[in-house]
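Asks: mmCIF, C-alpha atoms and all ligand atoms, saved as upload_18.cif, coming up:
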data_model
#
loop_
_atom_site.label_atom_id
_atom_site.label_comp_id
_atom_site.auth_asym_id
_atom_site.auth_seq_id
_atom_site.Cartn_x
_atom_site.Cartn_y
_atom_site.Cartn_z
CA MET A 454 -19.43 86.60 -65.85
CA ASP A 455 -16.58 86.17 -63.34
CA PHE A 456 -17.53 83.59 -60.69
CA SER A 457 -14.69 84.24 -58.24
CA TYR A 458 -15.30 86.32 -55.13
CA THR A 459 -13.27 89.41 -54.17
CA ALA A 460 -11.97 90.00 -50.63
CA GLN A 461 -14.78 92.53 -50.15
CA GLU A 462 -17.39 89.99 -51.19
CA GLU A 463 -15.94 87.39 -48.83
CA GLN A 464 -16.14 89.99 -46.09
CA PHE A 465 -19.82 90.52 -46.93
CA ARG A 466 -20.30 86.75 -46.60
CA MET A 467 -18.60 86.75 -43.18
CA GLU A 468 -20.71 89.68 -41.99
CA LEU A 469 -23.89 87.82 -42.93
CA ARG A 470 -22.61 84.55 -41.43
CA SER A 471 -21.89 86.12 -38.08
CA TRP A 472 -25.26 87.91 -38.12
CA LEU A 473 -26.98 84.58 -38.76
CA GLU A 474 -25.00 82.87 -35.99
CA ALA A 475 -26.10 85.57 -33.55
CA ASN A 476 -29.72 85.77 -34.69
CA LEU A 477 -30.99 82.35 -35.76
CA PRO A 478 -33.13 80.71 -33.06
CA GLU A 479 -31.18 78.51 -30.64
CA GLY A 480 -30.84 74.98 -31.97
CA TRP A 481 -31.77 76.04 -35.52
CA VAL A 482 -28.54 74.98 -37.23
CA GLU A 483 -28.25 71.83 -35.10
CA GLY A 484 -31.82 70.87 -36.14
CA THR A 485 -33.12 70.67 -32.55
CA PHE A 486 -35.30 73.81 -32.78
CA GLU A 487 -39.02 72.88 -32.75
CA MET A 488 -41.19 75.07 -35.02
CA PRO A 489 -44.49 76.13 -33.31
CA GLU A 490 -47.27 73.85 -34.60
CA GLU A 491 -50.26 76.09 -33.91
CA GLN A 492 -51.03 78.49 -36.84
CA ALA A 493 -51.06 81.78 -34.88
CA ALA A 494 -47.84 80.97 -33.00
CA TYR A 495 -46.19 79.86 -36.25
CA GLY A 496 -47.29 83.12 -37.91
CA GLN A 497 -45.87 85.16 -35.01
CA PHE A 498 -42.58 83.24 -35.18
CA LEU A 499 -42.28 84.09 -38.89
CA ARG A 500 -43.16 87.76 -38.29
CA ASP A 501 -40.53 87.99 -35.53
CA TRP A 502 -37.91 86.49 -37.85
CA GLN A 503 -38.81 88.98 -40.57
CA LYS A 504 -38.49 91.85 -38.06
CA GLN A 505 -35.04 90.61 -37.04
CA LEU A 506 -33.95 90.49 -40.68
CA SER A 507 -35.24 93.99 -41.22
CA ASP A 508 -33.57 95.38 -38.06
CA GLY A 509 -30.28 93.99 -39.34
CA ARG A 510 -30.99 95.39 -42.85
CA TRP A 511 -30.96 91.84 -44.21
CA ALA A 512 -34.58 91.75 -45.40
CA ALA A 513 -34.23 93.16 -48.93
CA ILE A 514 -30.55 93.67 -49.63
CA ALA A 515 -30.99 94.42 -53.34
CA TRP A 516 -33.25 97.41 -52.72
CA PRO A 517 -31.70 100.90 -52.81
CA GLU A 518 -30.42 102.14 -49.42
CA LYS A 519 -32.99 104.94 -49.41
CA TYR A 520 -35.74 102.29 -49.18
CA GLY A 521 -34.01 100.25 -46.45
CA GLY A 522 -31.94 97.95 -48.67
CA ARG A 523 -28.16 97.70 -49.06
CA ASN A 524 -27.86 98.45 -52.77
CA ALA A 525 -26.39 94.95 -52.95
CA THR A 526 -24.44 93.98 -56.03
CA LEU A 527 -25.29 90.93 -58.10
CA MET A 528 -22.50 88.93 -56.42
CA GLU A 529 -23.68 89.96 -52.96
CA GLU A 530 -27.17 88.78 -53.82
CA ILE A 531 -25.76 85.42 -54.88
CA ILE A 532 -23.77 85.16 -51.65
CA TYR A 533 -26.88 86.10 -49.67
CA HIS A 534 -28.91 83.27 -51.25
CA GLN A 535 -26.08 80.79 -50.73
CA GLU A 536 -25.76 81.62 -47.05
CA MET A 537 -29.50 81.57 -46.37
CA VAL A 538 -29.76 78.17 -48.05
CA ARG A 539 -26.68 76.88 -46.20
CA VAL A 540 -28.34 77.42 -42.81
CA LYS A 541 -31.84 76.59 -44.16
CA ALA A 542 -33.07 79.94 -42.77
CA PRO A 543 -36.74 80.15 -41.70
CA PRO A 544 -39.14 80.96 -44.58
CA LEU A 545 -40.24 84.53 -45.25
CA VAL A 546 -43.80 85.23 -44.15
CA ASN A 547 -43.72 88.42 -46.19
CA TYR A 548 -42.31 86.82 -49.34
CA VAL A 549 -44.94 88.54 -51.50
CA GLY A 550 -44.22 91.91 -49.88
CA LEU A 551 -40.46 91.68 -50.17
CA HIS A 552 -40.04 90.03 -53.54
CA MET A 553 -43.07 91.28 -55.43
CA VAL A 554 -44.95 94.25 -53.96
CA GLY A 555 -41.90 96.19 -52.66
CA PRO A 556 -40.01 96.19 -55.99
CA THR A 557 -43.26 97.09 -57.81
CA LEU A 558 -43.90 99.99 -55.42
CA ILE A 559 -40.34 101.22 -55.93
CA GLN A 560 -40.90 101.03 -59.70
CA SER A 561 -44.49 102.31 -60.00
CA GLY A 562 -45.72 103.65 -56.62
CA THR A 563 -46.16 107.31 -55.69
CA PRO A 564 -43.73 108.79 -53.10
CA GLU A 565 -46.61 108.73 -50.56
CA GLN A 566 -47.30 105.04 -51.22
CA GLN A 567 -43.61 104.21 -50.96
CA GLU A 568 -43.34 106.06 -47.65
CA LYS A 569 -46.48 104.49 -46.25
CA TYR A 570 -45.99 100.84 -47.23
CA ILE A 571 -42.31 100.08 -47.75
CA PRO A 572 -41.06 100.31 -44.11
CA LYS A 573 -43.90 98.02 -42.98
CA ILE A 574 -43.14 95.53 -45.77
CA LEU A 575 -39.53 95.35 -44.60
CA SER A 576 -40.34 94.93 -40.92
CA GLY A 577 -43.18 92.45 -41.54
CA GLU A 578 -45.59 94.75 -39.69
CA GLU A 579 -47.81 94.39 -42.75
CA VAL A 580 -47.78 91.01 -44.47
CA TRP A 581 -48.92 91.06 -48.10
CA CYS A 582 -50.70 88.58 -50.31
CA GLN A 583 -51.30 88.58 -54.07
CA GLY A 584 -54.91 88.68 -55.30
CA TYR A 585 -54.55 87.73 -58.95
CA SER A 586 -56.08 84.30 -59.61
CA GLU A 587 -59.82 83.71 -59.80
CA PRO A 588 -61.77 80.50 -60.52
CA ASN A 589 -61.86 81.44 -64.24
CA ALA A 590 -58.75 83.57 -64.42
CA GLY A 591 -55.46 81.80 -63.69
CA SER A 592 -53.29 81.39 -66.75
CA ASP A 593 -55.71 83.69 -68.53
CA LEU A 594 -55.21 86.40 -65.93
CA ALA A 595 -56.77 89.17 -68.04
CA ALA A 596 -60.13 87.37 -67.63
CA VAL A 597 -60.54 88.61 -64.02
CA GLN A 598 -64.13 89.32 -63.11
CA THR A 599 -63.76 90.91 -59.68
CA THR A 600 -65.13 94.43 -60.11
CA ALA A 601 -64.18 97.76 -58.55
CA VAL A 602 -66.78 100.49 -58.97
CA LYS A 603 -66.03 104.15 -58.25
CA ASP A 604 -68.01 105.85 -55.47
CA GLY A 605 -66.62 109.33 -54.63
CA ASP A 606 -63.03 108.85 -53.44
CA LYS A 607 -63.71 105.14 -52.83
CA TRP A 608 -63.87 101.97 -54.89
CA ILE A 609 -66.41 99.26 -54.02
CA ILE A 610 -64.96 95.83 -54.73
CA ASN A 611 -66.88 92.60 -55.30
CA GLY A 612 -65.72 89.17 -56.46
CA GLN A 613 -63.74 86.07 -55.56
CA LYS A 614 -60.01 85.32 -55.56
CA ILE A 615 -58.48 81.86 -55.21
CA TRP A 616 -55.14 80.22 -54.33
CA THR A 617 -54.20 83.35 -52.37
CA SER A 618 -51.03 82.32 -50.51
CA PHE A 619 -50.61 83.76 -46.99
CA ALA A 620 -54.03 85.55 -47.11
CA HIS A 621 -54.67 84.06 -43.66
CA PHE A 622 -51.71 86.09 -42.35
CA GLY A 623 -52.30 88.95 -44.80
CA ASP A 624 -52.79 92.58 -43.79
CA ARG A 625 -52.78 93.86 -47.37
CA CYS A 626 -53.42 92.40 -50.79
CA PHE A 627 -52.00 93.45 -54.16
CA LEU A 628 -55.30 93.04 -55.96
CA VAL A 629 -56.24 93.18 -59.65
CA ALA A 630 -59.84 94.15 -60.43
CA ARG A 631 -61.87 95.19 -63.44
CA THR A 632 -62.72 98.90 -63.41
CA SER A 633 -64.15 99.18 -66.92
CA LYS A 634 -64.85 97.11 -70.00
CA GLY A 635 -61.93 97.80 -72.32
CA GLU A 636 -61.60 97.06 -76.03
CA LYS A 637 -59.32 94.16 -75.20
CA LYS A 638 -59.44 91.87 -72.14
CA HIS A 639 -56.35 93.36 -70.55
CA HIS A 640 -57.68 96.92 -70.88
CA GLY A 641 -59.85 98.28 -68.06
CA LEU A 642 -57.98 96.57 -65.20
CA THR A 643 -56.66 98.41 -62.13
CA CYS A 644 -54.29 97.37 -59.31
CA PHE A 645 -55.22 98.12 -55.70
CA LEU A 646 -53.28 98.00 -52.45
CA LEU A 647 -56.22 96.53 -50.54
CA ASN A 648 -56.56 96.54 -46.77
CA MET A 649 -57.46 92.96 -45.78
CA ASN A 650 -58.51 93.91 -42.24
CA GLN A 651 -61.95 95.28 -43.09
CA PRO A 652 -65.52 93.98 -43.24
CA GLY A 653 -66.28 92.53 -46.69
CA VAL A 654 -63.03 90.54 -46.90
CA GLU A 655 -63.52 86.88 -46.01
CA VAL A 656 -60.62 84.41 -46.08
CA ARG A 657 -61.42 80.67 -46.32
CA PRO A 658 -58.60 78.11 -46.03
CA ILE A 659 -57.73 75.57 -48.75
CA ILE A 660 -55.93 72.50 -47.40
CA GLN A 661 -53.23 71.07 -49.70
CA MET A 662 -52.59 67.41 -50.43
CA ASP A 663 -49.76 67.36 -47.86
CA GLY A 664 -52.25 68.46 -45.19
CA GLU A 665 -50.66 71.91 -44.88
CA HIS A 666 -52.44 75.25 -45.25
CA ASP A 667 -50.61 77.85 -47.33
CA PHE A 668 -53.33 79.25 -49.54
CA ASN A 669 -56.96 80.36 -49.42
CA GLU A 670 -60.09 81.54 -51.17
CA VAL A 671 -60.82 85.24 -50.63
CA TYR A 672 -64.40 86.52 -50.96
CA LEU A 673 -64.89 90.26 -51.48
CA THR A 674 -68.31 91.74 -50.71
CA ASP A 675 -68.50 95.53 -50.95
CA ALA A 676 -64.90 95.77 -49.74
CA ILE A 677 -63.47 99.29 -49.96
CA ALA A 678 -60.26 100.69 -51.46
CA TYR A 679 -59.48 104.41 -51.58
CA ASP A 680 -58.05 106.41 -54.50
CA SER A 681 -54.76 106.56 -52.60
CA GLU A 682 -54.69 102.75 -52.74
CA VAL A 683 -54.63 102.60 -56.54
CA ILE A 684 -51.16 101.82 -57.90
CA GLY A 685 -50.39 103.09 -61.41
CA HIS A 686 -53.28 104.48 -63.46
CA VAL A 687 -56.94 103.51 -63.33
CA ASP A 688 -57.83 101.12 -66.21
CA ASP A 689 -54.11 100.71 -67.01
CA GLY A 690 -53.30 98.10 -64.38
CA TRP A 691 -52.06 95.45 -66.81
CA ARG A 692 -48.63 97.05 -67.06
CA VAL A 693 -48.25 97.02 -63.25
CA THR A 694 -49.64 93.48 -63.08
CA ILE A 695 -47.01 92.20 -65.49
CA SER A 696 -44.18 94.05 -63.79
CA LEU A 697 -45.10 92.33 -60.50
CA LEU A 698 -45.21 88.95 -62.27
CA MET A 699 -41.68 89.48 -63.60
CA HIS A 700 -40.43 90.16 -60.07
CA GLU A 701 -42.30 87.02 -58.94
CA ARG A 702 -40.66 84.78 -61.55
CA THR A 703 -37.19 86.16 -60.90
CA GLY A 704 -37.72 85.56 -57.15
CA ILE A 705 -38.82 81.97 -57.77
CA GLY A 706 -35.77 81.48 -60.01
CA ALA A 707 -33.55 82.18 -56.97
CA GLN A 708 -34.60 78.75 -55.70
CA VAL A 709 -31.75 77.39 -57.83
CA PHE A 710 -29.59 77.80 -54.73
CA SER A 711 -31.85 75.44 -52.77
CA LEU A 712 -31.72 73.06 -55.71
CA GLU A 713 -27.93 72.80 -55.38
CA GLN A 714 -28.25 71.92 -51.72
CA GLN A 715 -31.12 69.51 -52.34
CA PHE A 716 -28.96 67.72 -54.89
CA SER A 717 -26.21 67.12 -52.29
CA GLU A 718 -28.87 65.88 -49.86
CA LEU A 719 -30.10 63.48 -52.53
CA VAL A 720 -26.58 62.12 -52.94
CA GLY A 721 -26.51 61.66 -49.16
CA LEU A 722 -29.78 59.73 -49.35
CA ALA A 723 -28.42 57.46 -52.10
CA GLN A 724 -25.40 56.78 -49.88
CA THR A 725 -27.66 55.86 -46.96
CA VAL A 726 -30.37 53.71 -48.58
CA THR A 727 -29.11 50.19 -49.24
CA GLU A 728 -30.19 47.20 -51.33
CA ASP A 729 -28.76 43.85 -50.19
CA ASP A 730 -26.52 45.87 -47.86
CA VAL A 731 -25.01 47.80 -50.78
CA PRO A 732 -25.61 51.60 -50.82
CA LEU A 733 -27.70 52.58 -53.84
CA ILE A 734 -25.09 55.14 -54.87
CA GLN A 735 -23.04 52.19 -56.10
CA ASN A 736 -25.76 51.11 -58.50
CA GLY A 737 -24.91 52.11 -62.10
CA ASP A 738 -28.48 53.15 -63.02
CA VAL A 739 -28.80 55.30 -59.90
CA ARG A 740 -25.46 56.98 -60.64
CA LYS A 741 -26.60 57.70 -64.22
CA ARG A 742 -29.82 59.32 -62.98
CA MET A 743 -27.84 61.33 -60.40
CA LEU A 744 -25.53 62.58 -63.11
CA ASP A 745 -28.49 63.60 -65.25
CA LEU A 746 -29.97 65.53 -62.29
CA TYR A 747 -26.62 67.14 -61.53
CA ILE A 748 -26.34 68.40 -65.12
CA LYS A 749 -29.89 69.77 -65.01
CA SER A 750 -29.49 71.52 -61.66
CA ARG A 751 -26.09 72.95 -62.63
CA GLY A 752 -27.58 74.09 -65.97
CA SER A 753 -30.42 75.83 -64.09
CA LEU A 754 -27.89 77.64 -61.90
CA LEU A 755 -25.76 78.83 -64.82
CA ASN A 756 -28.83 79.97 -66.69
CA TYR A 757 -29.94 81.90 -63.60
CA TYR A 758 -26.52 83.62 -63.43
CA ARG A 759 -26.78 84.55 -67.09
CA ASN A 760 -30.21 86.09 -66.61
CA LEU A 761 -29.13 87.98 -63.50
CA THR A 762 -26.23 89.44 -65.46
CA LYS A 763 -28.65 90.75 -68.05
CA GLN A 764 -30.92 92.12 -65.32
CA LEU A 765 -27.96 93.99 -63.87
CA LYS A 766 -27.25 95.57 -67.24
CA VAL A 767 -30.80 96.73 -68.00
CA GLY A 768 -31.78 97.52 -64.40
CA HIS A 769 -34.98 95.45 -64.14
CA PRO A 770 -36.02 91.78 -64.43
CA GLY A 771 -36.89 90.61 -67.93
CA VAL A 772 -38.83 87.86 -69.63
CA GLU A 773 -35.88 85.46 -69.02
CA GLY A 774 -37.33 84.95 -65.51
CA SER A 775 -39.73 82.53 -67.24
CA MET A 776 -36.78 80.28 -68.14
CA ASP A 777 -35.49 80.27 -64.58
CA LYS A 778 -38.94 79.55 -63.21
CA LEU A 779 -39.56 76.72 -65.68
CA PHE A 780 -36.20 74.99 -65.10
CA VAL A 781 -36.01 75.31 -61.37
CA SER A 782 -39.55 74.05 -60.72
CA GLU A 783 -39.36 71.13 -63.17
CA VAL A 784 -35.90 69.98 -62.01
CA THR A 785 -36.99 70.27 -58.36
CA LYS A 786 -39.98 68.04 -59.09
CA GLU A 787 -37.75 65.49 -60.80
CA LEU A 788 -35.25 65.55 -57.93
CA PHE A 789 -37.85 64.84 -55.24
CA SER A 790 -39.49 62.19 -57.39
CA GLU A 791 -36.08 60.46 -57.58
CA ALA A 792 -35.74 60.72 -53.80
CA ILE A 793 -39.07 58.94 -53.33
CA SER A 794 -38.16 56.22 -55.87
CA LEU A 795 -34.82 55.59 -54.15
CA GLN A 796 -36.67 54.71 -50.95
CA GLY A 797 -38.79 52.07 -52.71
CA GLN A 798 -41.93 51.16 -50.73
CA GLN A 799 -40.62 53.11 -47.74
CA GLY A 800 -41.02 56.23 -49.86
CA LEU A 801 -44.76 55.94 -49.24
CA LEU A 802 -44.40 56.30 -45.47
CA TRP A 803 -45.43 59.64 -44.04
CA LYS A 804 -44.74 61.87 -41.04
CA ASP A 805 -43.60 59.87 -37.94
CA ASP A 806 -43.50 56.61 -39.94
CA ALA A 807 -41.06 57.97 -42.55
CA ILE A 808 -37.69 56.25 -42.37
CA TYR A 809 -35.46 58.97 -43.82
CA GLY A 810 -35.41 62.68 -42.91
CA LYS A 811 -38.68 62.90 -40.89
CA SER A 812 -40.70 62.90 -44.16
CA TYR A 813 -38.65 65.83 -45.54
CA TRP A 814 -38.56 64.03 -48.90
CA GLN A 815 -42.25 63.18 -48.96
CA ARG A 816 -43.34 66.71 -48.01
CA ASN A 817 -41.14 68.32 -50.63
CA TYR A 818 -42.21 65.81 -53.27
CA LEU A 819 -45.88 66.68 -52.74
CA TYR A 820 -45.09 70.41 -52.62
CA SER A 821 -43.04 70.27 -55.83
CA PHE A 822 -46.16 69.82 -57.98
CA GLY A 823 -47.48 73.21 -56.85
CA GLN A 824 -44.16 74.84 -57.72
CA THR A 825 -44.69 74.02 -61.40
CA ILE A 826 -48.11 75.77 -61.22
CA GLY A 827 -47.80 78.79 -58.86
CA GLY A 828 -46.40 81.93 -60.51
CA GLY A 829 -47.59 80.61 -63.90
CA THR A 830 -47.66 76.99 -65.06
CA SER A 831 -44.81 75.35 -66.98
CA GLU A 832 -46.95 75.39 -70.15
CA ILE A 833 -47.45 79.14 -69.82
CA GLN A 834 -43.70 79.70 -69.24
CA LYS A 835 -43.02 77.68 -72.41
CA ASN A 836 -45.45 79.86 -74.36
CA THR A 837 -43.73 82.99 -73.03
CA ILE A 838 -40.27 81.66 -73.89
CA GLY A 839 -41.46 80.62 -77.37
CA GLU A 840 -43.14 83.93 -78.17
CA ARG A 841 -41.00 86.50 -76.37
CA ILE A 842 -37.52 85.00 -76.39
CA LEU A 843 -37.51 82.75 -79.46
CA GLY A 844 -39.82 85.00 -81.50
CA LEU A 845 -42.17 82.14 -82.47
CA PRO A 846 -45.75 82.88 -83.62
CA LYS A 847 -48.41 83.39 -80.95
CA ASP A 848 -50.07 80.44 -79.18
CA VAL A 849 -52.89 79.08 -81.41
CA GLY A 850 -56.29 80.17 -80.09
CA ARG A 851 -55.16 83.45 -78.56
C1 LIG B 901 -48.51 76.79 -54.57
C2 LIG B 901 -49.36 77.83 -55.29
C3 LIG B 901 -49.43 79.12 -54.81
C4 LIG B 901 -50.20 80.07 -55.47
N1 LIG B 901 -50.28 81.33 -54.93
C5 LIG B 901 -51.04 82.27 -55.54
C6 LIG B 901 -51.19 83.58 -54.96
O1 LIG B 901 -50.64 83.87 -53.91
N2 LIG B 901 -51.96 84.47 -55.59
C7 LIG B 901 -52.59 84.20 -56.77
O2 LIG B 901 -53.24 85.08 -57.30
N3 LIG B 901 -52.50 82.96 -57.34
C8 LIG B 901 -51.74 82.00 -56.74
N4 LIG B 901 -51.64 80.74 -57.29
C9 LIG B 901 -52.42 80.44 -58.48
C10 LIG B 901 -51.59 80.22 -59.75
O3 LIG B 901 -51.05 81.42 -60.20
C11 LIG B 901 -52.54 79.57 -60.78
O4 LIG B 901 -52.91 78.30 -60.27
C12 LIG B 901 -51.88 79.41 -62.14
O5 LIG B 901 -51.67 80.66 -62.73
C13 LIG B 901 -52.71 78.50 -63.07
O6 LIG B 901 -54.01 78.95 -63.17
P1 LIG B 901 -55.27 77.97 -62.97
O7 LIG B 901 -55.05 77.21 -61.70
O8 LIG B 901 -56.49 78.79 -63.12
O9 LIG B 901 -55.16 76.91 -64.15
P2 LIG B 901 -55.65 77.09 -65.66
O10 LIG B 901 -55.18 78.41 -66.17
O11 LIG B 901 -57.11 76.79 -65.74
O12 LIG B 901 -54.83 75.96 -66.39
C14 LIG B 901 -55.20 74.59 -66.36
C15 LIG B 901 -54.19 73.81 -67.23
O13 LIG B 901 -54.27 74.28 -68.60
C16 LIG B 901 -52.99 74.72 -69.05
N5 LIG B 901 -53.13 75.90 -69.90
C17 LIG B 901 -53.93 76.97 -69.68
N6 LIG B 901 -53.78 77.87 -70.68
C18 LIG B 901 -52.86 77.36 -71.55
C19 LIG B 901 -52.27 77.83 -72.77
N7 LIG B 901 -52.60 79.00 -73.31
N8 LIG B 901 -51.35 77.03 -73.38
C20 LIG B 901 -50.99 75.82 -72.85
N9 LIG B 901 -51.54 75.33 -71.69
C21 LIG B 901 -52.44 76.09 -71.06
C22 LIG B 901 -52.24 75.09 -67.80
O14 LIG B 901 -50.84 75.04 -67.97
C23 LIG B 901 -52.74 74.03 -66.81
O15 LIG B 901 -52.01 72.83 -66.96
C24 LIG B 901 -50.90 79.74 -56.65
C25 LIG B 901 -50.85 78.43 -57.13
C26 LIG B 901 -50.09 77.48 -56.47
C27 LIG B 901 -50.05 76.08 -57.00
#
In structure tokens, write the structure found in this file.
Replies:
Amino acid sequence: MDFSYTAQEEQFRMELRSWLEANLPEGWVEGTFEMPEEQAAYGQFLRDWQKQLSDGRWAAIAWPEKYGGRNATLMEEIIYHQEMVRVKAPPLVNYVGLHMVGPTLIQSGTPEQQEKYIPKILSGEEVWCQGYSEPNAGSDLAAVQTTAVKDGDKWIINGQKIWTSFAHFGDRCFLVARTSKGEKKHHGLTCFLLNMNQPGVEVRPIIQMDGEHDFNEVYLTDAIAYDSEVIGHVDDGWRVTISLLMHERTGIGAQVFSLEQQFSELVGLAQTVTEDDVPLIQNGDVRKRMLDLYIKSRGSLLNYYRNLTKQLKVGHPGVEGSMDKLFVSEVTKELFSEAISLQGQQGLLWKDDAIYGKSYWQRNYLYSFGQTIGGGTSEIQKNTIGERILGLPKDVGR
């Protein structure tokens, strides 16, 4: 792969840069912008940002133009990630819609479904969540017990989902339910495009260890989905389920660009924190650990480029997304753990008491554990890599 940028690509970068300059909230780049604290106001802020992105056709650049994308090339996608990370752009409230449901609808949805849902995914008018995990079906996703029973042109859905990110903002849920008892566990599943704003859908918050609220339990009691809200074929939802997971892992892998920036911030921290008035960056052991982290984060980036190149050739994300997901989440965890260690006892201080970066390091350290679990745990990624890339025998016990 050629890593240099053409004049046209640099022009693309400049176009995005000037759009960001004109559209980011005032004070965003300078760090003086205050994010709304109250949940509803925060949600509205994120929806407005998503709408701005979509109005500028910057919401899903890799999608085909006919669906509202820019048909972006691989290099343009890389530039896009670099620029968004450079300005630390606000997070995407419709991450699931843009990175998971949209691509799956383009791949497997009917023309009617594409027409109905895709514009609203882009604009953030409908925020999506992903209803996969259940109390006894996480890594073993095919064990889902939520049922959908046919009743005329409707499906009656009962069960419980858990760890559903953004369900508290969610208008729709990409839901997996059991529609029949198949010969094997992954037979007899069906994917639904469930309307969350209906009686029978109850969302209960789960508070994380950092005190934030990103995910929820979702209880379904006689909730209704229509035939037109089935994606793919009834009882053959496993194929669609897996295709969405591949998009999810590839999307998570794109966090390698944040990792690069976080590494430079870590170097900055090691230059700031001192021991006996000497910056820690001058300590030989610290430098060795920094070098190790640099090699790992650079390795993750190069691996990501390699996998994107393959994706470009075959036209869809492949199993290599598991490698990206594994590396980026594990190296991120290591990086933030190092940042906490560098601060010594001060690393334990939290929120207003934190000495460095307004508890940026502490928050990200706590969050980094979840990153190695969400989208499939590191152990599961290793199984996938072993079986599907290295051709090793199947996991014992399965
Ligand atoms: C931040 C975050 C966001 C999430 N968002 C969503 C969401 O929006 N929607 C959604 O549906 N889910 C979501 N999840 C759930 C996530 O997908 C599951 O937590 C994950 O798949 C693991 O499932 P589990 O929690 O049931 O753990 P389990 O599957 O019970 O695993 C427990 C432990 O056993 C290990 N293990 C299990 N099976 C094997 C095996 N075969 N080989 C080796 N080790 C094994 C696991 O690696 C893990 O360490 C989110 C999770 C997190 C942390």
Asks: Between A:His666, A:Ala596, A:Ser696, A:Phe710, single out the one closest to A:Met537, counting all atoms listed in the file.
Replies: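 For A:Met537, the nearest of the candidates is A:Phe710.
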Asks: Enumerate residues in contact with ligand LIG 901 (chain B): an atom-to-atom distance of at most 6 Å, counting only C-alpha atoms and all ligand atoms. Format the result as a list in words.
Replies: Cys582, Gln583, Gly584, Tyr585, Ser586, Ala590, Gly591, Ser592, Asp593, Trp616, Thr617, Ser618, Gly823, Gln824, Ile826, Gly827, Gly828, Gly829, Thr830, Glu832 and Ile833 of chain A
Asks: Please measure the separation of atom CA of A:Gln724 and atom CA of A:Arg539, giving the value in Å to one decimal.
Replies: 20.5 Å
Asks: I'd like the interatomic distance between atom CA of A:His621 and atom CA of A:Ile571, to a tenth of an Å.
Replies: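 Distance reported for this atom pair: 20.6 Å.
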Asks: Which neighbours of stretch 810-817 of chain A fall inside 7 Å, counting all atoms listed in the file, when residues of the same chain fewer than 2 positions from it are skipped, and could you give them as a PyMOL selection string?
Replies: chain A and resi 663+789+792-793+803-805+807-808+819-821
